[in-house]
Amino acid sequence: MTLAVIGPGAVGTSIAMALANTSVQVDLLGKRDETLTFHEYATSEQHAVSVKALKHTNTHYDWLIVAVKTTQLDAILADIERLCHKETRIILAQNGYGQHDKIAHPYVYPAVVYISGQKTHPHVTHFRDYRLHVQEDPHTRALAQILTSSKLELTLERNIEHNIWYKLLVNLGINTVTALGRDTSKVLKYPSMAQLCRNLIDEGLRVAQADGLQFEPSLTDDIMTIYKGYPEDMGTSMYYDLTHQKPLEIDAIQGYIQKRAQVHHIATPHLDTALALLLYEHEKAQTS
Ligand code: NAP
């Protein structure tokens with residue numbers, strides 16, 4: 001079996017490292033040929049990792065795991081097509097939803113990513129977890145079987161949309177308020193920001209329910225309780241992207257929920273305002 005991971009960042013490099021020393025031949029593909037350093041935070045182990053230039057790769061892989069940011073996907077769509085044969089299976093190891101519609105290939109699996117890490121080029125640090133959730137079918141079952149000897153945990157779901165929407169709603173609240181508040185999760189100590197967060201999740205929950213997802217009405221409270229367990233100094237990816245003036249993954253998170261709200265004619269005034277402010281930051285980052 002041949003497998004390539006596209007995007008040698010925090011998630012992609014962690015996945016490639018988790019698959020090392022297995023029977024699977026794994027290529028890690030990035031912008032250029034280079035060597036990165038991979039740091040396992042829990043054990044302080046360090047490894048050198050080889051990256052091959054995506055543009056110069058012409059292999060047809062059986063599995064592709066895409067781990068670029070959602071804002072970077074458009075730039076590699078032609079590369080993805082070039083690396084596929086008819087039966088290639090593509091896993092999108094990204095936050096958000098809706099990106100699969102951009103890929104002109106029949107077998108795309110949007111995944112929910114539970115891998116925590118950070119890249120400061122050329123160093124990648126892996127903090128916690130090596131887990132991807134994907135839709136269960138005979139192909140993902142076969143892959144999960146092959147990966148049992150690896151560190152990468154492939155959790156198979158009967159209805160991946162449910163897991164995707166759950167993570168979307170978790171990201172919707174905390175990513176939005178930390179980015180707009182330019183603060184870590186301690187932003188929730190401010191009642192007005194906690195209320196905004198709650199209103200955003202409530203709106204998202206109504207959209208999810210209109211999309212056919214079954215969540216308990218208490219989900220907003222449950223998510224707010226989860227946030228209370230976050231360390232106060234913990235930032236979110238959107239907070240870090242905004243403060244580093246990088247493009248924001250809003251199209252795949254807040255933007256996706258807004259699009260679904262429009263389909264169902266659901267009013268989302270808090271989401272609309274938050275998205276306008278985030279879009280402004282995103283566009284500034286793209287032109288800077
Ligand atoms: P990241 O560290 O920025 O990694 C993205 C990688 O893609 C970078 O190495 C980047 O290369 C590479 N890339 C960008 N454009 C490329 C191109 N045209 N060709 C080849 N490689 C390209 O991002 P990440 O944190 O791994 O996040 C990946 C996805 O996982 C995101 O959707 C994120 O929201 C999600 N996620 C992340 C975490 C986390 O803890 N990091 C947790 C859960 C979910 P350069 O480094 O050279 O720019």
# chains A, B, ... in the order shown; residues from 1 in each chain; ligands from 1
>>> residues_near_ligand(ligand="ligand 1", cutoff="9 Å", atoms="only C-alpha atoms and all ligand atoms", output="ChimeraX atom specification")
/A:6-14,29-32,53-55,66-76,79,92-96,112-122,124,126-128,236-238,249,252
>>> write_last_selection(atoms="C-alpha atoms", output="compact mmCIF listing (two decimals), in the first residue's frame")
# COMPACT_ATOMS: atom_id res chain seq x y z
CA ILE A 6 0.37 16.37 1.90
CA GLY A 7 1.29 19.28 4.19
CA PRO A 8 4.29 18.78 6.48
CA GLY A 9 2.89 20.91 9.28
CA ALA A 10 1.90 20.10 12.86
CA VAL A 11 -0.79 17.59 11.87
CA GLY A 12 0.78 16.17 8.68
CA THR A 13 4.23 15.57 10.16
CA SER A 14 2.70 14.00 13.28
CA LEU A 29 4.98 15.98 0.67
CA GLY A 30 5.52 19.70 1.08
CA LYS A 31 6.50 22.84 -0.75
CA ARG A 32 10.12 21.74 -1.19
CA ALA A 53 8.57 18.40 -2.98
CA LEU A 54 4.90 17.93 -3.87
CA LYS A 55 5.31 19.63 -7.26
CA VAL A 66 -4.35 16.07 3.12
CA ALA A 67 -3.13 18.14 6.08
CA VAL A 68 -2.67 21.63 4.66
CA LYS A 69 -4.77 24.39 6.22
CA THR A 70 -8.19 24.79 4.61
CA THR A 71 -7.02 28.16 3.26
CA GLN A 72 -4.20 26.35 1.43
CA LEU A 73 -6.32 23.66 -0.22
CA ASP A 74 -7.17 25.49 -3.46
CA ALA A 75 -3.46 25.79 -4.30
CA ILE A 76 -2.95 22.01 -4.25
CA ASP A 79 -1.54 18.20 -7.28
CA LEU A 92 -9.00 15.44 4.63
CA ALA A 93 -7.23 15.89 7.99
CA GLN A 94 -8.44 19.44 8.50
CA ASN A 95 -10.79 21.42 10.69
CA GLY A 96 -14.09 22.60 9.28
CA VAL A 112 -12.18 14.98 12.46
CA VAL A 113 -8.66 15.60 13.71
CA TYR A 114 -7.60 14.98 17.30
CA ILE A 115 -3.89 15.65 16.99
CA SER A 116 -2.38 18.59 18.78
CA GLY A 117 0.84 20.15 17.63
CA GLN A 118 2.57 23.24 16.41
CA LYS A 119 5.00 24.08 13.63
CA THR A 120 7.64 26.76 13.77
CA HIS A 121 9.56 26.07 10.61
CA PRO A 122 11.63 23.83 10.45
CA VAL A 124 7.35 20.49 14.51
CA HIS A 126 3.63 17.12 18.76
CA PHE A 127 1.79 17.69 22.07
CA ARG A 128 -1.07 15.21 22.33
CA THR A 236 -6.92 28.48 19.52
CA SER A 237 -5.64 28.06 15.96
CA MET A 238 -7.79 31.00 14.83
CA GLU A 249 -9.93 29.09 8.29
CA ALA A 252 -14.58 26.05 6.51
>>> select_by_dssp(residues="range 129-288 of chain A", states="strand (DSSP E)", output="ChimeraX atom specification")
/A:129-135,153-157
>>> write_last_selection(atoms="all heavy atoms", output="tab-separated table (two decimals), in the first residue's frame")
chain	number	residue	atom	x	y	z
A	129	ASP	N	-2.19	13.30	21.39
A	129	ASP	CA	-3.15	12.55	20.55
A	129	ASP	C	-2.64	12.30	19.12
A	129	ASP	O	-1.95	13.14	18.52
A	129	ASP	CB	-4.51	13.27	20.45
A	129	ASP	CG	-5.13	13.53	21.80
A	129	ASP	OD1	-5.00	12.66	22.67
A	129	ASP	OD2	-5.72	14.62	21.98
A	130	TYR	N	-3.04	11.13	18.63
A	130	TYR	CA	-2.77	10.76	17.23
A	130	TYR	C	-4.04	10.12	16.70
A	130	TYR	O	-4.07	8.93	16.43
A	130	TYR	CB	-1.65	9.72	17.16
A	130	TYR	CG	-0.24	10.23	17.33
A	130	TYR	CD1	0.47	10.01	18.49
A	130	TYR	CD2	0.39	10.91	16.29
A	130	TYR	CE1	1.79	10.46	18.63
A	130	TYR	CE2	1.71	11.36	16.42
A	130	TYR	CZ	2.38	11.13	17.58
A	130	TYR	OH	3.68	11.57	17.70
A	131	ARG	N	-5.11	10.88	16.61
A	131	ARG	CA	-6.39	10.24	16.29
A	131	ARG	C	-7.13	10.97	15.18
A	131	ARG	O	-7.26	12.20	15.22
A	131	ARG	CB	-7.24	10.21	17.58
A	131	ARG	CG	-8.51	9.42	17.47
A	131	ARG	CD	-8.96	8.93	18.85
A	131	ARG	NE	-8.76	9.92	19.89
A	131	ARG	CZ	-9.65	10.83	20.25
A	131	ARG	NH1	-10.82	10.86	19.67
A	131	ARG	NH2	-9.37	11.71	21.20
A	132	LEU	N	-7.60	10.19	14.20
A	132	LEU	CA	-8.45	10.72	13.14
A	132	LEU	C	-9.76	9.94	13.16
A	132	LEU	O	-9.73	8.70	13.24
A	132	LEU	CB	-7.81	10.51	11.76
A	132	LEU	CG	-6.52	11.25	11.44
A	132	LEU	CD1	-6.02	10.86	10.04
A	132	LEU	CD2	-6.72	12.76	11.52
A	133	HIS	N	-10.89	10.65	13.08
A	133	HIS	CA	-12.19	9.98	12.97
A	133	HIS	C	-12.62	10.08	11.51
A	133	HIS	O	-12.59	11.17	10.93
A	133	HIS	CB	-13.24	10.68	13.83
A	133	HIS	CG	-12.97	10.54	15.30
A	133	HIS	ND1	-13.86	9.95	16.15
A	133	HIS	CD2	-11.92	10.92	16.06
A	133	HIS	CE1	-13.36	9.96	17.38
A	133	HIS	NE2	-12.19	10.55	17.34
A	134	VAL	N	-13.04	8.95	10.94
A	134	VAL	CA	-13.51	8.95	9.55
A	134	VAL	C	-14.76	8.07	9.44
A	134	VAL	O	-15.04	7.27	10.33
A	134	VAL	CB	-12.44	8.41	8.56
A	134	VAL	CG1	-11.26	9.36	8.42
A	134	VAL	CG2	-11.97	7.02	8.95
A	135	GLN	N	-15.45	8.24	8.30
A	135	GLN	CA	-16.64	7.41	8.04
A	135	GLN	C	-16.21	5.95	7.90
A	135	GLN	O	-15.24	5.64	7.23
A	135	GLN	CB	-17.31	7.90	6.75
A	135	GLN	CG	-18.54	7.12	6.34
A	135	GLN	CD	-19.66	7.24	7.39
A	135	GLN	OE1	-19.94	8.32	7.88
A	135	GLN	NE2	-20.29	6.11	7.71
A	153	GLU	N	-4.35	6.38	15.38
A	153	GLU	CA	-5.61	5.71	15.71
A	153	GLU	C	-6.65	6.18	14.70
A	153	GLU	O	-6.90	7.39	14.61
A	153	GLU	CB	-6.01	6.19	17.10
A	153	GLU	CG	-6.77	5.22	17.92
A	153	GLU	CD	-7.12	5.87	19.26
A	153	GLU	OE1	-6.20	6.39	19.94
A	153	GLU	OE2	-8.30	5.91	19.58
A	154	LEU	N	-7.19	5.25	13.93
A	154	LEU	CA	-8.24	5.61	12.98
A	154	LEU	C	-9.57	5.16	13.59
A	154	LEU	O	-9.85	3.97	13.66
A	154	LEU	CB	-7.98	4.90	11.65
A	154	LEU	CG	-8.62	5.49	10.41
A	154	LEU	CD1	-8.11	6.90	10.15
A	154	LEU	CD2	-8.35	4.62	9.20
A	155	THR	N	-10.36	6.12	14.06
A	155	THR	CA	-11.63	5.77	14.70
A	155	THR	C	-12.72	5.82	13.64
A	155	THR	O	-12.89	6.84	12.96
A	155	THR	CB	-11.93	6.77	15.85
A	155	THR	OG1	-10.82	6.75	16.74
A	155	THR	CG2	-13.19	6.41	16.59
A	156	LEU	N	-13.44	4.71	13.50
A	156	LEU	CA	-14.43	4.60	12.42
A	156	LEU	C	-15.81	4.97	12.96
A	156	LEU	O	-16.23	4.47	14.01
A	156	LEU	CB	-14.43	3.18	11.86
A	156	LEU	CG	-13.05	2.69	11.38
A	156	LEU	CD1	-13.15	1.28	10.83
A	156	LEU	CD2	-12.46	3.63	10.33
A	157	GLU	N	-16.50	5.83	12.24
A	157	GLU	CA	-17.78	6.36	12.70
A	157	GLU	C	-18.91	5.92	11.77
A	157	GLU	O	-18.73	5.88	10.56
A	157	GLU	CB	-17.74	7.90	12.71
A	157	GLU	CG	-16.68	8.49	13.59
A	157	GLU	CD	-16.95	8.28	15.08
A	157	GLU	OE1	-18.07	7.87	15.44
A	157	GLU	OE2	-16.02	8.53	15.87
>>> residues_around(residues="Glu87 in chain A", least_positions_apart="3", cutoff="8 Å", atoms="only C-alpha atoms", output="VMD selection string")
chain A and resid 62 84 107
>>> closest_residue(among="A:Glu34, A:Asp272, A:Asp183, A:Asp222", to="Gly235 in chain A", atoms="only C-alpha atoms")
A:Asp183
>>> residues_around(residues="Glu81 in chain A", least_positions_apart="3", cutoff="10 Å", atoms="only C-alpha atoms", output="VMD selection string")
chain A and resid 60 76 to 78 84 to 85 88 103 to 105
>>> residues_around(residues="Trp63 in chain A", least_positions_apart="6", cutoff="7 Å", atoms="only C-alpha atoms", output="number ranges by chain")
A: 2-4, 88-90
>>> atom_distance(atom1="CA of Gln209 in chain A", atom2="CA of Asp221 in chain A")
16.1 Å
>>> atom_distance(atom1="CA of Arg198 in chain A", atom2="CA of Lys246 in chain A")
26.1 Å
>>> residues_around(residues="range 225-232 of chain A", least_positions_apart="4", cutoff="10 Å", atoms="only C-alpha atoms", output="VMD selection string")
chain A and resid 170 173 to 174 183 to 189 219 to 221
